[in-house]
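Colleague: Please find query.txt (compact mmCIF, C-alpha atoms) on the next line:
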# COMPACT_ATOMS: atom_id res chain seq x y z
CA MET A 1 73.51 195.81 91.09
CA SER A 2 73.94 195.56 94.84
CA GLY A 3 70.56 193.82 95.10
CA ASN A 4 71.68 191.14 92.66
CA VAL A 5 74.92 190.62 94.59
CA THR A 6 73.00 190.28 97.87
CA LEU A 7 70.61 187.75 96.33
CA THR A 8 73.50 185.74 94.87
CA ARG A 9 75.30 185.61 98.22
CA ALA A 10 72.12 184.51 99.97
CA LEU A 11 71.53 181.72 97.45
CA LEU A 12 75.06 180.42 97.92
CA ARG A 13 74.09 179.63 101.52
CA GLY A 14 71.09 177.60 100.35
CA PRO A 15 67.54 178.06 98.99
CA LEU A 16 65.95 181.37 99.93
CA LYS A 17 62.35 181.41 101.17
CA VAL A 18 60.16 184.48 100.62
CA ARG A 19 56.92 184.60 102.58
CA PHE A 20 53.73 185.87 100.94
CA ARG A 21 50.54 186.69 102.85
CA PRO A 22 48.17 185.75 101.33
CA GLY A 23 50.14 182.98 99.67
CA LEU A 24 51.40 183.25 96.11
CA SER A 25 48.65 182.00 93.80
CA GLU A 26 49.17 179.26 91.23
CA ASP A 27 48.85 181.65 88.28
CA ALA A 28 51.13 184.26 89.85
CA PHE A 29 53.74 181.59 90.56
CA TRP A 30 53.59 180.34 86.95
CA ARG A 31 54.08 183.88 85.60
CA LEU A 32 57.01 184.49 87.94
CA CYS A 33 58.73 181.32 86.72
CA GLN A 34 58.24 182.28 83.07
CA GLN A 35 59.67 185.75 83.66
CA ASN A 36 62.78 184.49 85.48
CA PRO A 37 64.07 181.43 83.58
CA GLN A 38 67.57 181.89 85.03
CA LEU A 39 66.36 180.81 88.47
CA ASP A 40 64.62 177.73 89.82
CA PHE A 41 61.56 178.27 91.99
CA GLU A 42 59.40 176.12 94.20
CA ARG A 43 56.26 176.99 96.14
CA THR A 44 55.40 175.63 99.57
CA ALA A 45 51.96 174.37 100.56
CA TRP A 46 51.46 177.73 102.36
CA GLY A 47 52.15 179.74 99.21
CA ASP A 48 55.69 180.83 100.15
CA LEU A 49 58.22 181.21 97.35
CA VAL A 50 61.46 179.21 97.46
CA ILE A 51 64.29 180.56 95.26
CA VAL A 52 67.03 178.12 94.28
CA ALA A 53 70.25 179.02 92.50
CA PRO A 54 71.09 177.15 89.27
CA ALA A 55 73.05 173.96 89.89
CA GLY A 56 76.83 174.02 89.89
CA ALA A 57 78.72 171.97 87.34
CA ASP A 58 79.46 169.11 89.74
CA SER A 59 75.85 168.81 90.88
CA ASP A 60 74.55 168.96 87.34
CA SER A 61 76.96 166.24 86.22
CA ARG A 62 75.76 163.91 88.98
CA ASN A 63 72.14 164.66 88.15
CA THR A 64 72.67 164.04 84.44
CA GLU A 65 74.26 160.66 85.18
CA LEU A 66 71.28 159.70 87.33
CA THR A 67 68.56 160.79 84.90
CA GLY A 68 70.49 159.23 82.02
CA GLN A 69 70.55 155.82 83.67
CA LEU A 70 66.87 156.14 84.58
CA TRP A 71 65.96 157.12 81.00
CA LEU A 72 67.90 154.20 79.52
CA TRP A 73 66.14 151.74 81.84
CA ASN A 74 62.76 153.21 80.95
CA ARG A 75 63.44 153.08 77.19
CA SER A 76 64.85 149.54 77.26
CA ASN A 77 61.74 148.34 79.13
CA GLY A 78 59.23 149.64 76.61
CA ASP A 79 58.65 153.14 78.02
CA PRO A 80 56.43 152.14 80.97
CA GLY A 81 56.57 155.70 82.27
CA CYS A 82 57.97 159.21 81.87
CA VAL A 83 61.34 160.35 83.22
CA PHE A 84 61.83 163.93 84.42
CA GLY A 85 64.86 166.00 85.36
CA PRO A 86 65.22 168.93 87.76
CA SER A 87 63.57 171.52 85.52
CA ALA A 88 60.14 169.82 85.80
CA GLY A 89 57.80 171.08 88.50
CA PHE A 90 54.81 169.23 89.91
CA THR A 91 51.85 170.55 91.88
CA LEU A 92 51.38 168.11 94.73
CA PRO A 93 47.98 167.35 96.30
CA ASN A 94 48.86 169.68 99.20
CA THR A 95 49.29 172.52 96.58
CA ALA A 96 53.09 172.75 96.97
CA VAL A 97 55.02 172.97 93.69
CA ARG A 98 58.19 170.88 93.87
CA GLY A 99 60.91 170.00 91.37
CA PRO A 100 62.77 166.81 92.32
CA ASP A 101 66.24 166.34 90.85
CA ALA A 102 64.91 163.23 89.09
CA SER A 103 61.51 161.58 89.04
CA TRP A 104 59.37 159.00 87.28
CA ILE A 105 55.63 158.72 86.66
CA SER A 106 53.92 155.66 85.23
CA ARG A 107 52.57 156.27 81.74
CA GLU A 108 49.04 155.31 82.73
CA ARG A 109 48.91 158.01 85.41
CA TRP A 110 50.64 160.60 83.22
CA GLU A 111 48.30 160.12 80.27
CA MET A 112 45.26 160.51 82.50
CA LEU A 113 46.20 164.16 83.00
CA PRO A 114 44.70 166.77 80.64
CA ARG A 115 47.24 167.99 78.08
CA GLY A 116 46.94 171.56 79.34
CA ASP A 117 47.88 170.43 82.83
CA ARG A 118 50.91 168.53 81.53
CA GLU A 119 52.16 171.71 79.87
CA ARG A 120 52.38 173.55 83.19
CA PHE A 121 53.18 172.30 86.71
CA ALA A 122 51.18 169.09 86.42
CA HIS A 123 48.88 168.27 89.32
CA ILE A 124 50.45 164.95 90.24
CA CYS A 125 53.05 163.49 92.58
CA PRO A 126 55.62 161.19 90.91
CA GLU A 127 55.75 157.61 92.14
CA PHE A 128 59.56 157.84 92.30
CA VAL A 129 61.60 160.88 93.36
CA VAL A 130 65.28 161.64 93.93
CA GLU A 131 67.02 164.56 95.55
CA ILE A 132 70.81 164.95 95.30
CA ARG A 133 72.28 167.15 97.98
CA SER A 134 74.69 169.91 97.02
CA ARG A 135 76.99 171.64 99.51
CA SER A 136 74.60 174.58 99.85
CA ASP A 137 71.56 172.41 100.57
CA ARG A 138 70.37 172.06 104.14
CA LYS A 139 69.83 168.38 104.81
CA ARG A 140 67.01 169.11 107.24
CA GLU A 141 65.04 170.79 104.46
CA LEU A 142 65.73 168.03 101.96
CA ARG A 143 64.49 165.46 104.46
CA ALA A 144 61.33 167.49 104.93
CA LYS A 145 60.81 167.46 101.16
CA MET A 146 61.24 163.69 101.04
CA ARG A 147 58.62 163.27 103.76
CA GLU A 148 56.34 165.64 101.84
CA TYR A 149 56.67 163.55 98.67
CA LEU A 150 55.68 160.41 100.59
CA ALA A 151 52.73 162.15 102.25
CA ASN A 152 51.50 163.19 98.80
CA GLY A 153 51.73 159.83 97.06
CA ALA A 154 55.36 158.96 96.23
CA GLN A 155 56.11 155.25 96.56
CA LEU A 156 59.91 155.37 96.64
CA GLY A 157 62.35 158.18 97.30
CA TRP A 158 66.13 158.48 97.45
CA LEU A 159 68.01 161.30 99.16
CA ILE A 160 71.57 161.03 97.88
CA ASP A 161 74.25 162.92 99.80
CA PRO A 162 77.58 162.82 97.92
CA THR A 163 79.33 165.31 100.20
CA ILE A 164 82.67 163.96 101.41
CA LYS A 165 81.65 163.78 105.08
CA ALA A 166 78.47 161.84 104.30
CA ARG A 167 78.46 159.62 101.16
CA THR A 168 75.06 158.25 102.18
CA VAL A 169 71.72 157.37 100.62
CA GLU A 170 68.48 157.66 102.57
CA ILE A 171 65.68 155.48 101.22
CA TYR A 172 62.10 156.59 101.85
CA ARG A 173 59.14 154.20 101.52
CA PRO A 174 55.51 154.63 102.66
CA ASP A 175 54.77 153.16 106.09
CA LEU A 176 58.31 151.83 106.51
CA PRO A 177 61.24 153.08 108.62
CA LEU A 178 63.87 155.22 106.94
CA GLU A 179 66.78 153.15 105.61
CA VAL A 180 70.25 154.72 105.49
CA LEU A 181 73.04 153.20 103.39
CA LYS A 182 76.69 154.22 103.69
CA CYS A 183 78.64 154.26 100.40
CA PRO A 184 76.52 151.71 98.49
CA ASP A 185 77.70 150.82 94.99
CA THR A 186 74.18 150.46 93.57
CA LEU A 187 70.53 151.08 94.38
CA SER A 188 67.53 148.98 93.40
CA GLY A 189 64.34 150.42 91.95
CA GLU A 190 62.47 147.69 93.84
CA ASP A 191 58.85 147.03 92.82
CA ILE A 192 58.33 150.61 91.63
CA LEU A 193 60.99 150.40 88.89
CA PRO A 194 61.37 146.64 88.30
CA GLY A 195 64.84 145.70 87.12
CA PHE A 196 66.31 149.19 87.52
CA VAL A 197 69.68 149.19 89.25
CA LEU A 198 71.39 152.56 89.61
CA ASP A 199 75.18 152.50 89.39
CA LEU A 200 76.28 155.16 91.86
CA LYS A 201 79.69 155.77 90.31
CA GLY A 202 79.73 159.43 89.29
CA ILE A 203 76.69 160.16 91.45
CA LEU A 204 77.51 159.23 95.04
CA LEU A 205 81.03 157.93 94.43
CA ASP A 206 83.63 159.73 92.33
Any chance you could put this one into structure tokens?
Modeller:
Amino acid sequence: MSGNVTLTRALLRGPLKVRFRPGLSEDAFWRLCQQNPQLDFERTAWGDLVIVAPAGADSDSRNTELTGQLWLWNRSNGDPGCVFGPSAGFTLPNTAVRGPDASWISRERWEMLPRGDRERFAHICPEFVVEIRSRSDRKRELRAKMREYLANGAQLGWLIDPTIKARTVEIYRPDLPLEVLKCPDTLSGEDILPGFVLDLKGILLD
């Protein structure tokens, strides 16, 4: 019991990293995730385990609003790709397994993957990724994840920080400087998601 309490308190301060030497293998990581569905896990490129507490109600509401808008855009435009929420994990080219809060992969790239791969942590980096910061998230680590997505093939990334002291969006694009917006009302999907405009009410702005 005391071990569970200690783990819970640690997770309230942010994701907990557990170092494995040698690194946690792909199969071992998959089994661990299946045996502990109450927790969210990621794996770093070095094989370290990252334990993340389930999202709070406020964070989940913001995430649902975001993925809902993205799904509606995708459906109304003839399903050009696949929309994923925070429970989906992807094995990036650098071997890290990451689960963005929202992501999108073009249908052509998705359907090139073997079905067996799609049923696990697919070996692909989404073209579009979003992370929404919660109060327990360390911004430094989220920024590192955004840079990792770009280095592994993402074409557009948004880091949304709805905390009261911030209310900012950081926009990540390959080979371009970081763009920071303060309290924008909307965000454009640009050339990656043509015609998609995200209404930030209920996501960044209450």
Colleague: Between A:Arg133, A:Arg143, A:Lys201, A:Arg43, which is the closest to A:Asp101 once you count all atoms listed in the file?
Modeller: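 Smallest distance to A:Asp101 is found for A:Arg133.
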Colleague: So, with only C-alpha atoms as the atoms that count, which of A:Ile171, A:Leu113, A:Leu92, A:Ile105 lies closest to A:Glu131?
Modeller: A:Ile171
Colleague: Quick one: distance from atom CA of A:Thr64 to atom CA of A:Ala88 in Å, one decimal?
Modeller: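 Atom CA of A:Ala88 lies at a distance of 13.9 Å from atom CA of A:Thr64.
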Colleague: For a test of reading the model, state the distance in Å between atom CA of A:Ala102 and atom CA of A:Asn77, rounded to one decimal.
Modeller: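 Atom-to-atom, atom CA of A:Ala102 and atom CA of A:Asn77 are spaced 18.2 Å apart.
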Colleague: So that I can check the surroundings of stretch 151-153 of chain A, please list as a short mmCIF file (atom, residue, chain, number, x, y, z; two decimals) with C-alpha atoms, in the coordinates of the input every protein, DNA and RNA residue that reaches within 12 Å of it, counting only C-alpha atoms and ignoring chain neighbours fewer than 3 positions away.
Modeller:
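The new file selection-v5.cif reads:
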data_model
loop_
_atom_site.label_atom_id
_atom_site.label_comp_id
_atom_site.auth_asym_id
_atom_site.auth_seq_id
_atom_site.Cartn_x
_atom_site.Cartn_y
_atom_site.Cartn_z
CA ALA A 45 51.96 174.37 100.56
CA PHE A 90 54.81 169.23 89.91
CA THR A 91 51.85 170.55 91.88
CA LEU A 92 51.38 168.11 94.73
CA PRO A 93 47.98 167.35 96.30
CA ASN A 94 48.86 169.68 99.20
CA THR A 95 49.29 172.52 96.58
CA ALA A 96 53.09 172.75 96.97
CA VAL A 97 55.02 172.97 93.69
CA ARG A 98 58.19 170.88 93.87
CA ILE A 105 55.63 158.72 86.66
CA HIS A 123 48.88 168.27 89.32
CA ILE A 124 50.45 164.95 90.24
CA CYS A 125 53.05 163.49 92.58
CA PRO A 126 55.62 161.19 90.91
CA GLU A 127 55.75 157.61 92.14
CA PHE A 128 59.56 157.84 92.30
CA VAL A 129 61.60 160.88 93.36
CA ALA A 144 61.33 167.49 104.93
CA LYS A 145 60.81 167.46 101.16
CA MET A 146 61.24 163.69 101.04
CA ARG A 147 58.62 163.27 103.76
CA GLU A 148 56.34 165.64 101.84
CA LEU A 156 59.91 155.37 96.64
CA GLY A 157 62.35 158.18 97.30
CA TYR A 172 62.10 156.59 101.85
CA ARG A 173 59.14 154.20 101.52
CA PRO A 174 55.51 154.63 102.66
CA ASP A 175 54.77 153.16 106.09
#
Colleague: Which residue out of A:Gln34, A:Ser136, A:Ser106, A:Thr186 has the minimum interatomic distance to A:Gln155 when only C-alpha atoms are used?
Modeller: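 Nearest candidate to A:Gln155 out of A:Gln34, A:Ser136, A:Ser106, A:Thr186: A:Ser106.
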Colleague: Within 12 Å of stretch 18-22 of chain A, counting all atoms listed in the file, which residues qualify if same-chain residues fewer than 4 places away don't, as a VMD selection string?
Modeller: chain A and resid 7 10 28 to 29 41 to 52
Colleague: In Å, with one decimal, what is the gap from atom CA of A:Asp161 to atom CA of A:Phe84?
Modeller: 19.8 Å
Colleague: Using all atoms listed in the file, determine which residues lie at most 12 Å from A:Asp58, disregarding the query and same-chain residues fewer than 4 positions distant; provide the list as a ChimeraX atom specification.
Modeller: /A:54,62-65,132-135,162-163,202-204,206
Colleague: Any chance you could export the current selection's C-alpha atoms as a PDB file, keeping the file's coordinate frame?
Modeller:
ATOM      1  CA  PRO A  54      71.090 177.150  89.270  1.00  0.00           C
ATOM      2  CA  ARG A  62      75.760 163.910  88.980  1.00  0.00           C
ATOM      3  CA  ASN A  63      72.140 164.660  88.150  1.00  0.00           C
ATOM      4  CA  THR A  64      72.670 164.040  84.440  1.00  0.00           C
ATOM      5  CA  GLU A  65      74.260 160.660  85.180  1.00  0.00           C
ATOM      6  CA  ILE A 132      70.810 164.950  95.300  1.00  0.00           C
ATOM      7  CA  ARG A 133      72.280 167.150  97.980  1.00  0.00           C
ATOM      8  CA  SER A 134      74.690 169.910  97.020  1.00  0.00           C
ATOM      9  CA  ARG A 135      76.990 171.640  99.510  1.00  0.00           C
ATOM     10  CA  PRO A 162      77.580 162.820  97.920  1.00  0.00           C
ATOM     11  CA  THR A 163      79.330 165.310 100.200  1.00  0.00           C
ATOM     12  CA  GLY A 202      79.730 159.430  89.290  1.00  0.00           C
ATOM     13  CA  ILE A 203      76.690 160.160  91.450  1.00  0.00           C
ATOM     14  CA  LEU A 204      77.510 159.230  95.040  1.00  0.00           C
ATOM     15  CA  ASP A 206      83.630 159.730  92.330  1.00  0.00           C
TER      16      ASP A 206
END
Colleague: So, counting all atoms listed in the file, which residue among A:Met112, A:Leu16, A:Cys33, A:Leu66 is closest to A:Ser87?
Modeller: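 Smallest separation from A:Ser87 among the options: A:Cys33.
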Colleague: Have a look at A:Pro37, A:Gly89, A:Gly68, A:Pro80 and name the one nearest to A:Glu119; count all atoms listed in the file.
Modeller: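 The shortest atom-to-atom distance to A:Glu119 comes from A:Gly89.
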Colleague: Closest to A:Lys139 among A:Arg109, A:Pro15, A:Leu205, A:Gly195, using all atoms listed in the file?
Modeller: A:Pro15
Colleague: Write out as JSON an axis-aligned box for stretch 82-89 of chain A: all of its atoms listed in the file, 8 Å added on each side, centre and edge lengths in Å with one decimal.
Modeller:
{"center_x": 61.5, "center_y": 165.4, "center_z": 85.2, "size_x": 23.4, "size_y": 28.3, "size_z": 22.6}
Colleague: All heavy atoms are what I want for stretch 132-143 of chain A; can you complete it accordingly and write them as a short mmCIF file (atom, residue, chain, number, x, y, z; two decimals), keeping the file's coordinate frame?
Modeller:
data_model
loop_
_atom_site.label_atom_id
_atom_site.label_comp_id
_atom_site.auth_asym_id
_atom_site.auth_seq_id
_atom_site.Cartn_x
_atom_site.Cartn_y
_atom_site.Cartn_z
N ILE A 132 69.37 165.06 95.11
CA ILE A 132 70.81 164.95 95.30
C ILE A 132 71.28 166.21 96.04
O ILE A 132 71.09 167.33 95.55
CB ILE A 132 71.56 164.82 93.96
CG1 ILE A 132 71.06 163.60 93.19
CG2 ILE A 132 73.07 164.69 94.21
CD1 ILE A 132 71.71 163.42 91.84
N ARG A 133 71.87 166.01 97.17
CA ARG A 133 72.28 167.15 97.98
C ARG A 133 73.54 167.82 97.42
O ARG A 133 74.51 167.15 97.06
CB ARG A 133 72.57 166.71 99.42
CG ARG A 133 72.89 167.87 100.34
CD ARG A 133 73.38 167.39 101.70
NE ARG A 133 73.64 168.51 102.60
CZ ARG A 133 74.36 168.43 103.69
NH1 ARG A 133 74.89 167.27 104.06
NH2 ARG A 133 74.56 169.49 104.45
N SER A 134 73.50 169.14 97.32
CA SER A 134 74.69 169.91 97.02
C SER A 134 75.21 170.54 98.31
O SER A 134 74.53 170.49 99.34
CB SER A 134 74.39 171.01 95.99
OG SER A 134 73.52 171.98 96.56
N ARG A 135 76.39 171.11 98.28
CA ARG A 135 76.99 171.64 99.51
C ARG A 135 76.16 172.76 100.13
O ARG A 135 76.21 172.97 101.34
CB ARG A 135 78.41 172.13 99.23
CG ARG A 135 79.40 171.00 99.02
CD ARG A 135 80.83 171.50 99.07
NE ARG A 135 81.10 172.50 98.06
CZ ARG A 135 82.22 173.22 97.97
NH1 ARG A 135 83.17 173.06 98.87
NH2 ARG A 135 82.40 174.08 96.99
N SER A 136 75.39 173.47 99.31
CA SER A 136 74.60 174.58 99.85
C SER A 136 73.24 174.14 100.36
O SER A 136 72.53 174.93 100.99
CB SER A 136 74.42 175.66 98.77
OG SER A 136 73.70 175.14 97.67
N ASP A 137 72.86 172.90 100.12
CA ASP A 137 71.56 172.41 100.57
C ASP A 137 71.58 172.08 102.05
O ASP A 137 72.53 171.46 102.55
CB ASP A 137 71.15 171.15 99.80
CG ASP A 137 70.75 171.43 98.37
OD1 ASP A 137 70.20 172.52 98.12
OD2 ASP A 137 70.98 170.56 97.50
N ARG A 138 70.52 172.44 102.74
CA ARG A 138 70.37 172.06 104.14
C ARG A 138 69.69 170.69 104.20
O ARG A 138 68.58 170.50 103.68
CB ARG A 138 69.53 173.10 104.88
CG ARG A 138 70.13 174.52 104.83
CD ARG A 138 69.24 175.50 105.56
NE ARG A 138 69.75 176.86 105.45
CZ ARG A 138 69.36 177.73 104.52
NH1 ARG A 138 68.44 177.37 103.62
NH2 ARG A 138 69.85 178.95 104.48
N LYS A 139 70.35 169.75 104.81
CA LYS A 139 69.83 168.38 104.81
C LYS A 139 68.47 168.30 105.50
O LYS A 139 67.60 167.52 105.10
CB LYS A 139 70.83 167.43 105.47
CG LYS A 139 70.64 165.98 105.06
CD LYS A 139 71.88 165.18 105.32
CE LYS A 139 71.78 163.77 104.75
NZ LYS A 139 73.03 163.00 104.93
N ARG A 140 68.28 169.10 106.53
CA ARG A 140 67.01 169.11 107.24
C ARG A 140 65.86 169.43 106.28
O ARG A 140 64.79 168.80 106.32
CB ARG A 140 67.06 170.13 108.37
CG ARG A 140 65.76 170.25 109.17
CD ARG A 140 65.87 171.33 110.23
NE ARG A 140 65.92 172.67 109.65
CZ ARG A 140 67.02 173.41 109.54
NH1 ARG A 140 68.18 172.96 109.98
NH2 ARG A 140 66.98 174.62 109.01
N GLU A 141 66.08 170.40 105.39
CA GLU A 141 65.04 170.79 104.46
C GLU A 141 64.82 169.74 103.39
O GLU A 141 63.68 169.50 102.95
CB GLU A 141 65.38 172.16 103.85
CG GLU A 141 65.38 173.27 104.89
CD GLU A 141 65.70 174.63 104.30
OE1 GLU A 141 65.95 174.70 103.07
OE2 GLU A 141 65.70 175.61 105.06
N LEU A 142 65.89 169.10 102.94
CA LEU A 142 65.73 168.03 101.96
C LEU A 142 64.96 166.85 102.55
O LEU A 142 64.12 166.24 101.88
CB LEU A 142 67.10 167.55 101.46
CG LEU A 142 67.86 168.52 100.57
CD1 LEU A 142 69.23 167.94 100.20
CD2 LEU A 142 67.07 168.82 99.29
N ARG A 143 65.23 166.53 103.80
CA ARG A 143 64.49 165.46 104.46
C ARG A 143 63.01 165.80 104.58
O ARG A 143 62.14 164.93 104.42
CB ARG A 143 65.09 165.18 105.83
CG ARG A 143 66.42 164.42 105.77
CD ARG A 143 67.11 164.38 107.10
NE ARG A 143 68.25 163.46 107.08
CZ ARG A 143 69.25 163.51 107.94
NH1 ARG A 143 69.26 164.43 108.91
NH2 ARG A 143 70.25 162.64 107.85
#
